[in-house]
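File shown here: target.cif, holding mmCIF, C-alpha atoms and all ligand atoms.
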```cif
data_final
#
loop_
_atom_site.group_PDB
_atom_site.id
_atom_site.type_symbol
_atom_site.label_atom_id
_atom_site.label_comp_id
_atom_site.auth_asym_id
_atom_site.auth_seq_id
_atom_site.Cartn_x
_atom_site.Cartn_y
_atom_site.Cartn_z
ATOM 1 C CA MET A 1177 147.117 105.179 123.007
ATOM 2 C CA LYS A 1178 147.121 108.494 121.236
ATOM 3 C CA GLU A 1179 147.943 109.277 117.635
ATOM 4 C CA LYS A 1180 147.947 112.564 115.762
ATOM 5 C CA ILE A 1181 145.249 112.287 113.104
ATOM 6 C CA ASN A 1182 144.007 115.224 111.024
ATOM 7 C CA GLY A 1183 145.791 117.691 113.303
ATOM 8 C CA ILE A 1184 144.556 116.456 116.688
ATOM 9 C CA LEU A 1185 145.530 113.676 119.096
ATOM 10 C CA VAL A 1186 142.973 110.886 118.853
ATOM 11 C CA ASN A 1187 142.741 108.573 121.837
ATOM 12 C CA TYR A 1188 142.002 104.911 121.124
ATOM 13 C CA GLU A 1189 142.176 101.529 122.723
ATOM 14 C CA GLN A 1190 142.508 98.121 121.164
ATOM 15 C CA CYS A 1191 142.009 94.696 122.648
ATOM 16 C CA GLY A 1192 142.468 91.344 120.962
ATOM 17 C CA ASP A 1193 145.103 89.995 118.631
ATOM 18 C CA ASN A 1194 145.960 91.890 115.440
ATOM 19 C CA SER A 1195 145.428 88.690 113.438
ATOM 20 C CA LEU A 1196 141.726 88.579 114.386
ATOM 21 C CA PRO A 1197 139.047 90.282 112.244
ATOM 22 C CA ALA A 1198 138.834 93.989 113.084
ATOM 23 C CA LEU A 1199 135.780 95.440 114.800
ATOM 24 C CA VAL A 1200 135.782 99.235 115.198
ATOM 25 C CA LEU A 1201 133.382 100.814 117.699
ATOM 26 C CA VAL A 1202 132.136 104.400 117.333
ATOM 27 C CA HIS A 1203 130.488 105.788 120.439
ATOM 28 C CA GLY A 1204 127.300 107.776 120.901
ATOM 29 C CA PHE A 1205 126.841 111.392 121.970
ATOM 30 C CA PRO A 1206 128.042 112.734 124.424
ATOM 31 C CA PHE A 1207 130.063 109.842 125.802
ATOM 32 C CA GLY A 1208 133.451 108.409 124.837
ATOM 33 C CA LEU A 1209 135.185 105.111 124.171
ATOM 34 C CA GLU A 1210 134.624 104.138 127.796
ATOM 35 C CA MET A 1211 130.999 103.322 126.933
ATOM 36 C CA TRP A 1212 132.358 100.339 124.970
ATOM 37 C CA ARG A 1213 134.167 98.813 127.977
ATOM 38 C CA PRO A 1214 131.938 95.668 128.013
ATOM 39 C CA GLN A 1215 132.555 95.145 124.285
ATOM 40 C CA LEU A 1216 136.336 95.698 124.603
ATOM 41 C CA GLU A 1217 136.416 93.146 127.393
ATOM 42 C CA MET A 1218 133.987 90.534 126.127
ATOM 43 C CA LEU A 1219 134.535 90.495 122.353
ATOM 44 C CA SER A 1220 138.332 90.649 122.241
ATOM 45 C CA SER A 1221 138.845 86.876 122.446
ATOM 46 C CA ARG A 1222 137.308 86.634 118.949
ATOM 47 C CA PHE A 1223 137.946 90.022 117.364
ATOM 48 C CA ARG A 1224 140.541 92.787 117.240
ATOM 49 C CA VAL A 1225 138.310 95.332 118.948
ATOM 50 C CA ILE A 1226 139.153 99.013 118.547
ATOM 51 C CA ALA A 1227 137.302 101.848 120.269
ATOM 52 C CA TYR A 1228 138.274 105.507 120.061
ATOM 53 C CA ASP A 1229 137.185 108.866 121.381
ATOM 54 C CA VAL A 1230 135.529 110.987 118.715
ATOM 55 C CA ARG A 1231 137.250 114.410 118.606
ATOM 56 C CA GLY A 1232 136.071 116.612 121.447
ATOM 57 C CA PHE A 1233 135.317 113.613 123.715
ATOM 58 C CA GLY A 1234 137.249 111.564 126.277
ATOM 59 C CA GLY A 1235 140.998 111.666 125.740
ATOM 60 C CA SER A 1236 140.878 112.960 122.166
ATOM 61 C CA GLU A 1237 141.720 116.590 121.664
ATOM 62 C CA CYS A 1238 138.997 119.129 121.133
ATOM 63 C CA GLY A 1239 140.735 121.317 118.556
ATOM 64 C CA ASP A 1240 138.777 124.509 117.993
ATOM 65 C CA GLY A 1241 135.425 122.820 118.712
ATOM 66 C CA GLN A 1242 134.048 123.633 115.271
ATOM 67 C CA TYR A 1243 133.135 120.332 113.665
ATOM 68 C CA THR A 1244 131.075 118.874 110.904
ATOM 69 C CA LEU A 1245 130.240 115.185 110.663
ATOM 70 C CA GLU A 1246 132.781 115.071 107.839
ATOM 71 C CA PHE A 1247 135.591 115.749 110.344
ATOM 72 C CA PHE A 1248 134.406 112.784 112.396
ATOM 73 C CA VAL A 1249 134.464 110.581 109.290
ATOM 74 C CA ASP A 1250 137.939 111.858 108.353
ATOM 75 C CA ASP A 1251 139.158 110.848 111.824
ATOM 76 C CA LEU A 1252 137.643 107.354 111.582
ATOM 77 C CA VAL A 1253 139.269 106.770 108.199
ATOM 78 C CA GLY A 1254 142.536 108.290 109.466
ATOM 79 C CA LEU A 1255 142.526 105.896 112.409
ATOM 80 C CA LEU A 1256 141.920 102.871 110.144
ATOM 81 C CA ASP A 1257 144.860 103.981 107.993
ATOM 82 C CA HIS A 1258 147.080 104.530 111.025
ATOM 83 C CA LEU A 1259 146.270 101.016 112.265
ATOM 84 C CA ASN A 1260 146.815 99.539 108.765
ATOM 85 C CA ILE A 1261 143.295 98.158 108.752
ATOM 86 C CA GLU A 1262 142.182 97.569 105.186
ATOM 87 C CA LYS A 1263 138.764 96.215 106.117
ATOM 88 C CA ALA A 1264 136.771 96.288 109.315
ATOM 89 C CA ALA A 1265 133.316 95.687 110.645
ATOM 90 C CA VAL A 1266 132.289 99.119 111.907
ATOM 91 C CA CYS A 1267 129.723 99.396 114.691
ATOM 92 C CA GLY A 1268 128.274 102.796 115.519
ATOM 93 C CA LEU A 1269 125.747 103.609 118.197
ATOM 94 C CA SER A 1270 123.454 106.589 117.598
ATOM 95 C CA MET A 1271 125.866 109.453 116.691
ATOM 96 C CA GLY A 1272 128.400 106.692 116.026
ATOM 97 C CA GLY A 1273 125.881 105.239 113.555
ATOM 98 C CA TYR A 1274 125.662 108.582 111.722
ATOM 99 C CA ILE A 1275 129.467 108.559 111.458
ATOM 100 C CA ALA A 1276 129.639 104.912 110.362
ATOM 101 C CA LEU A 1277 126.926 105.305 107.714
ATOM 102 C CA ARG A 1278 128.471 108.435 106.216
ATOM 103 C CA ALA A 1279 131.910 106.741 106.320
ATOM 104 C CA TYR A 1280 130.351 103.848 104.386
ATOM 105 C CA GLU A 1281 128.985 106.283 101.795
ATOM 106 C CA ARG A 1282 132.380 107.948 101.394
ATOM 107 C CA ASN A 1283 134.705 104.954 101.750
ATOM 108 C CA PRO A 1284 132.852 101.639 101.348
ATOM 109 C CA GLU A 1285 136.133 99.875 100.537
ATOM 110 C CA TYR A 1286 137.063 99.866 104.250
ATOM 111 C CA PHE A 1287 133.943 97.960 105.326
ATOM 112 C CA SER A 1288 133.446 94.218 105.715
ATOM 113 C CA ALA A 1289 130.169 94.783 107.597
ATOM 114 C CA LEU A 1290 128.174 97.515 109.249
ATOM 115 C CA ILE A 1291 126.479 97.406 112.635
ATOM 116 C CA LEU A 1292 123.993 100.198 113.253
ATOM 117 C CA ALA A 1293 122.844 100.419 116.854
ATOM 118 C CA ASP A 1294 120.085 102.697 118.137
ATOM 119 C CA THR A 1295 120.496 105.084 115.237
ATOM 120 C CA ARG A 1296 118.801 106.590 112.200
ATOM 121 C CA ALA A 1297 119.676 107.627 108.624
ATOM 122 C CA GLU A 1298 117.578 110.796 108.487
ATOM 123 C CA ALA A 1299 119.067 114.237 109.086
ATOM 124 C CA ASP A 1300 117.689 116.457 111.841
ATOM 125 C CA SER A 1301 114.206 117.901 111.330
ATOM 126 C CA ASN A 1302 113.710 121.647 111.924
ATOM 127 C CA GLU A 1303 112.409 120.822 115.398
ATOM 128 C CA ALA A 1304 115.482 118.704 116.166
ATOM 129 C CA LYS A 1305 117.770 121.532 115.000
ATOM 130 C CA LEU A 1306 116.079 123.916 117.429
ATOM 131 C CA LYS A 1307 116.557 121.360 120.217
ATOM 132 C CA ARG A 1308 120.270 121.227 119.341
ATOM 133 C CA ALA A 1309 120.435 125.029 119.555
ATOM 134 C CA ALA A 1310 118.819 124.913 123.005
ATOM 135 C CA ALA A 1311 121.230 122.160 124.076
ATOM 136 C CA ILE A 1312 124.245 124.211 122.925
ATOM 137 C CA ARG A 1313 122.983 127.159 124.948
ATOM 138 C CA ALA A 1314 122.404 124.943 127.988
ATOM 139 C CA VAL A 1315 125.748 123.145 127.948
ATOM 140 C CA LYS A 1316 127.647 126.414 127.465
ATOM 141 C CA ALA A 1317 125.719 128.176 130.220
ATOM 142 C CA ASP A 1318 125.451 125.395 132.801
ATOM 143 C CA GLY A 1319 128.394 123.094 131.993
ATOM 144 C CA PRO A 1320 128.509 119.390 131.149
ATOM 145 C CA ALA A 1321 127.641 118.084 134.653
ATOM 146 C CA ARG A 1322 124.276 119.910 134.726
ATOM 147 C CA TYR A 1323 123.681 118.997 131.102
ATOM 148 C CA ALA A 1324 124.278 115.330 131.960
ATOM 149 C CA GLU A 1325 121.523 115.382 134.609
ATOM 150 C CA GLY A 1326 118.836 116.210 132.061
ATOM 151 C CA PHE A 1327 120.287 114.276 129.147
ATOM 152 C CA ILE A 1328 120.668 110.965 130.944
ATOM 153 C CA LYS A 1329 116.912 110.585 131.508
ATOM 154 C CA SER A 1330 116.278 110.213 127.787
ATOM 155 C CA VAL A 1331 118.894 107.568 127.031
ATOM 156 C CA PHE A 1332 118.173 104.808 129.532
ATOM 157 C CA ALA A 1333 115.189 102.512 129.824
ATOM 158 C CA GLY A 1334 112.910 103.375 132.785
ATOM 159 C CA GLU A 1335 113.940 100.168 134.513
ATOM 160 C CA THR A 1336 117.649 101.016 134.170
ATOM 161 C CA LEU A 1337 117.028 104.480 135.634
ATOM 162 C CA SER A 1338 115.117 103.125 138.621
ATOM 163 C CA LYS A 1339 117.142 99.981 139.377
ATOM 164 C CA ARG A 1340 120.725 100.485 138.181
ATOM 165 C CA ALA A 1341 121.971 103.599 139.935
ATOM 166 C CA ASP A 1342 125.657 102.670 139.464
ATOM 167 C CA LEU A 1343 125.374 102.358 135.715
ATOM 168 C CA VAL A 1344 123.412 105.612 135.453
ATOM 169 C CA GLU A 1345 125.916 107.417 137.669
ATOM 170 C CA SER A 1346 128.923 106.215 135.666
ATOM 171 C CA ALA A 1347 127.264 107.337 132.416
ATOM 172 C CA LYS A 1348 126.652 110.769 133.981
ATOM 173 C CA GLN A 1349 130.302 110.959 135.034
ATOM 174 C CA LEU A 1350 131.363 110.077 131.523
ATOM 175 C CA ILE A 1351 129.329 112.990 130.118
ATOM 176 C CA ALA A 1352 130.520 115.359 132.859
ATOM 177 C CA SER A 1353 134.163 114.535 132.102
ATOM 178 C CA ASN A 1354 133.799 115.994 128.600
ATOM 179 C CA SER A 1355 134.161 119.684 127.803
ATOM 180 C CA ALA A 1356 131.303 122.047 126.914
ATOM 181 C CA GLN A 1357 133.250 122.963 123.790
ATOM 182 C CA GLY A 1358 133.444 119.358 122.568
ATOM 183 C CA ILE A 1359 129.787 118.659 123.344
ATOM 184 C CA ALA A 1360 128.648 121.850 121.594
ATOM 185 C CA GLY A 1361 130.867 121.013 118.597
ATOM 186 C CA ALA A 1362 129.256 117.593 118.232
ATOM 187 C CA LEU A 1363 125.763 119.102 118.519
ATOM 188 C CA LEU A 1364 126.581 121.456 115.644
ATOM 189 C CA ALA A 1365 128.052 118.593 113.609
ATOM 190 C CA MET A 1366 124.913 116.499 114.097
ATOM 191 C CA ALA A 1367 122.580 119.408 113.309
ATOM 192 C CA SER A 1368 124.392 120.068 110.035
ATOM 193 C CA ARG A 1369 124.791 116.454 108.890
ATOM 194 C CA ASN A 1370 123.397 115.194 105.586
ATOM 195 C CA ASP A 1371 120.364 112.988 105.262
ATOM 196 C CA LEU A 1372 121.717 109.494 104.491
ATOM 197 C CA THR A 1373 118.503 107.713 103.554
ATOM 198 C CA HIS A 1374 119.620 107.411 99.926
ATOM 199 C CA VAL A 1375 122.687 105.405 101.025
ATOM 200 C CA LEU A 1376 120.655 102.593 102.579
ATOM 201 C CA GLY A 1377 119.602 100.890 99.341
ATOM 202 C CA LEU A 1378 123.189 100.979 98.079
ATOM 203 C CA ILE A 1379 124.814 99.168 100.991
ATOM 204 C CA GLY A 1380 126.676 96.158 99.644
ATOM 205 C CA VAL A 1381 127.930 94.578 102.888
ATOM 206 C CA PRO A 1382 125.982 92.651 105.533
ATOM 207 C CA VAL A 1383 124.286 94.931 108.060
ATOM 208 C CA LEU A 1384 123.165 94.211 111.600
ATOM 209 C CA ILE A 1385 120.705 96.637 113.153
ATOM 210 C CA LEU A 1386 120.408 96.578 116.925
ATOM 211 C CA VAL A 1387 117.926 98.501 119.007
ATOM 212 C CA GLY A 1388 117.024 98.532 122.680
ATOM 213 C CA GLU A 1389 113.446 97.372 123.200
ATOM 214 C CA SER A 1390 112.746 100.527 125.238
ATOM 215 C CA ASP A 1391 114.765 102.971 123.140
ATOM 216 C CA SER A 1392 112.634 106.114 123.126
ATOM 217 C CA LEU A 1393 115.003 108.218 120.960
ATOM 218 C CA THR A 1394 115.357 105.763 118.067
ATOM 219 C CA PRO A 1395 112.600 103.253 118.827
ATOM 220 C CA PRO A 1396 112.227 99.726 117.419
ATOM 221 C CA GLU A 1397 109.669 100.918 114.768
ATOM 222 C CA LEU A 1398 112.327 103.247 113.385
ATOM 223 C CA ALA A 1399 114.865 100.388 113.367
ATOM 224 C CA ARG A 1400 112.357 98.241 111.431
ATOM 225 C CA ALA A 1401 111.892 101.031 108.876
ATOM 226 C CA LEU A 1402 115.695 101.259 108.582
ATOM 227 C CA GLN A 1403 115.922 97.499 108.002
ATOM 228 C CA GLU A 1404 113.329 97.619 105.216
ATOM 229 C CA LYS A 1405 115.463 100.087 103.261
ATOM 230 C CA ILE A 1406 118.703 98.035 103.430
ATOM 231 C CA PRO A 1407 119.087 95.043 101.075
ATOM 232 C CA ASN A 1408 120.923 92.646 103.413
ATOM 233 C CA ALA A 1409 120.057 93.663 106.945
ATOM 234 C CA THR A 1410 119.209 91.684 110.045
ATOM 235 C CA LEU A 1411 117.418 93.356 112.928
ATOM 236 C CA GLU A 1412 117.694 92.293 116.537
ATOM 237 C CA VAL A 1413 115.892 93.911 119.424
ATOM 238 C CA VAL A 1414 117.983 94.031 122.598
ATOM 239 C CA PRO A 1415 115.803 93.181 125.610
ATOM 240 C CA GLN A 1416 115.908 95.183 128.865
ATOM 241 C CA ALA A 1417 117.620 98.131 127.216
ATOM 242 C CA GLY A 1418 116.904 101.677 126.116
ATOM 243 C CA HIS A 1419 118.958 103.872 123.770
ATOM 244 C CA LEU A 1420 122.291 102.690 125.231
ATOM 245 C CA SER A 1421 121.679 99.045 124.386
ATOM 246 C CA SER A 1422 125.386 98.101 124.384
ATOM 247 C CA LEU A 1423 125.747 99.288 127.987
ATOM 248 C CA GLU A 1424 122.368 98.300 129.388
ATOM 249 C CA ASN A 1425 122.455 94.738 128.115
ATOM 250 C CA PRO A 1426 126.009 94.001 126.961
ATOM 251 C CA ALA A 1427 125.501 90.219 127.087
ATOM 252 C CA ALA A 1428 122.639 90.305 124.554
ATOM 253 C CA PHE A 1429 124.277 93.046 122.459
ATOM 254 C CA ASN A 1430 127.606 91.217 122.291
ATOM 255 C CA SER A 1431 126.098 87.855 121.519
ATOM 256 C CA SER A 1432 124.177 89.380 118.567
ATOM 257 C CA VAL A 1433 127.349 91.069 117.313
ATOM 258 C CA ALA A 1434 129.478 87.932 117.687
ATOM 259 C CA ALA A 1435 126.876 85.695 116.003
ATOM 260 C CA PHE A 1436 126.475 88.164 113.122
ATOM 261 C CA LEU A 1437 130.221 88.562 112.561
ATOM 262 C CA SER A 1438 130.865 84.836 112.762
ATOM 263 C CA ARG A 1439 128.374 84.289 109.896
ATOM 264 C CA LEU A 1440 130.354 86.579 107.554
HETATM 265 C C1 LIG B 1501 123.365 109.699 120.644
HETATM 266 O O1 LIG B 1501 123.032 108.842 121.467
HETATM 267 O O2 LIG B 1501 124.451 109.644 120.062
HETATM 268 C C2 LIG B 1501 122.420 110.846 120.390
HETATM 269 O O3 LIG B 1501 121.147 110.524 120.840
HETATM 270 C C3 LIG B 1501 122.396 111.214 118.934
HETATM 271 C C4 LIG B 1501 121.586 112.431 118.655
HETATM 272 O O4 LIG B 1501 121.491 113.302 119.530
HETATM 273 O O5 LIG B 1501 121.057 112.542 117.532
#
```
For this file, produce the structure as structure tokens.
Amino acid sequence: MKEKINGILVNYEQCGDNSLPALVLVHGFPFGLEMWRPQLEMLSSRFRVIAYDVRGFGGSECGDGQYTLEFFVDDLVGLLDHLNIEKAAVCGLSMGGYIALRAYERNPEYFSALILADTRAEADSNEAKLKRAAAIRAVKADGPARYAEGFIKSVFAGETLSKRADLVESAKQLIASNSAQGIAGALLAMASRNDLTHVLGLIGVPVLILVGESDSLTPPELARALQEKIPNATLEVVPQAGHLSSLENPAAFNSSVAAFLSRL
């Protein structure tokens, strides 16, 4: 389904009955709602599961490709309003976590719970900003398919890369199906995002932190440090998974999410 939100068509999918508690899924960079397929399929008997393409990705329009993280938050809030969702559990993975956390800071009234997967609260360091600049150059020069080849190696656990060729290939395809303009826009938005560390101590809803045991981008130590700064947070390490824990081990990821939400 597509809906015009903040001037662009936003593509979203929902599974599960409208009467069930809402769970909104915000994908990581540089994928799309398709990365949440196992969650849409497996969690919709208990929750109204909504996943959408962040602007510039999947079936959502790109606009002019000039984004800040604030635009991404505006779109999330716009989608909740369009769907008449007054309160939702919002689950964001990596970039999706940046969006969810900033959305919580701006509009906590929409949140019944927060699920932060394979993510961090800190803004980019100087070094990370230079890496973003190099990535923007690379994706514009070589295109998303070439960019996907290099990028994919950092997001999966070694075991996934060596033993699950189909999963790795479909993730590459997902990246390659996006435009260079959308990918570059998201890189700029992430490089210019605020540090959100100060928000952590103020979170007033239950928080679940999930992290793949072999996540090398936002490793378990970082997830533990995140947990220590949040008053009411549970941390669960997802076995046999890297940075894309929801895709690499959906059974463990989903069972943690379902158990957490059923305790609310
Ligand atoms: C992601 O998975 O969304 C990215 O690793 C986020 C980032 O590049 O900071």
**Request:** Evaluate the PyMOL selection byres (((not hetatm)) within 6 of (chain B and resi 1501)) and record the selected residues as a PyMOL selection string, following the chain and residue labels used in the document.
**Result:** chain A and resi 1204-1205+1270-1271
Q: Using all atoms listed in the file, pick whichever of A:Leu1386, A:Ile1181, A:Ala1311, A:Ala1324 has the shortest atom-to-atom distance to Asp1257 (chain A).
A: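 Comparing A:Leu1386, A:Ile1181, A:Ala1311, A:Ala1324 against Asp1257 (chain A), the winner is A:Ile1181.
Proximity ranking of A:Ser1221, A:Ser1236, A:Gln1349, A:Ser1195 relative to Lys1180 (chain A) places A:Ser1236 first, based on only C-alpha atoms.
One finds CA of Glu1217 (chain A) at 12.3 Å from CA of Leu1423 (chain A).
Among the candidate residues A:Ala1399, A:Leu1269, A:Met1177, A:Val1253, the one lying nearest to Tyr1286 (chain A) is A:Val1253, with distances computed using only C-alpha atoms.
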Place a sphere of radius 12 Å on (115.6, 97.6, 109.9) in the file coordinates and name every protein, DNA or RNA residue with an atom inside or on its surface, counting all atoms listed in the file; give the answer as a short mmCIF file (atom, residue, chain, number, x, y, z; two decimals) with C-alpha atoms, keeping the file's coordinate frame.
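Heads up, here's the output in selection_5.cif:
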```
data_model
loop_
_atom_site.label_atom_id
_atom_site.label_comp_id
_atom_site.auth_asym_id
_atom_site.auth_seq_id
_atom_site.Cartn_x
_atom_site.Cartn_y
_atom_site.Cartn_z
CA ILE A 1291 126.48 97.41 112.64
CA LEU A 1292 123.99 100.20 113.25
CA ALA A 1293 122.84 100.42 116.85
CA ASP A 1294 120.08 102.70 118.14
CA THR A 1295 120.50 105.08 115.24
CA ARG A 1296 118.80 106.59 112.20
CA ALA A 1297 119.68 107.63 108.62
CA LEU A 1376 120.66 102.59 102.58
CA GLY A 1377 119.60 100.89 99.34
CA VAL A 1383 124.29 94.93 108.06
CA LEU A 1384 123.16 94.21 111.60
CA ILE A 1385 120.70 96.64 113.15
CA LEU A 1386 120.41 96.58 116.92
CA VAL A 1387 117.93 98.50 119.01
CA THR A 1394 115.36 105.76 118.07
CA PRO A 1395 112.60 103.25 118.83
CA PRO A 1396 112.23 99.73 117.42
CA GLU A 1397 109.67 100.92 114.77
CA LEU A 1398 112.33 103.25 113.38
CA ALA A 1399 114.86 100.39 113.37
CA ARG A 1400 112.36 98.24 111.43
CA ALA A 1401 111.89 101.03 108.88
CA LEU A 1402 115.70 101.26 108.58
CA GLN A 1403 115.92 97.50 108.00
CA GLU A 1404 113.33 97.62 105.22
CA LYS A 1405 115.46 100.09 103.26
CA ILE A 1406 118.70 98.04 103.43
CA PRO A 1407 119.09 95.04 101.08
CA ASN A 1408 120.92 92.65 103.41
CA ALA A 1409 120.06 93.66 106.94
CA THR A 1410 119.21 91.68 110.04
CA LEU A 1411 117.42 93.36 112.93
CA GLU A 1412 117.69 92.29 116.54
CA VAL A 1413 115.89 93.91 119.42
#
```
Q | the PyMOL selection byres (((chain A and resi 1234) around 10) and not hetatm) applied to the shown file, residues as an MDAnalysis selection string | A | chainID A and resid 1186:1188 1206:1210 1228:1233 1235:1238 1350:1351 1353:1355 1358
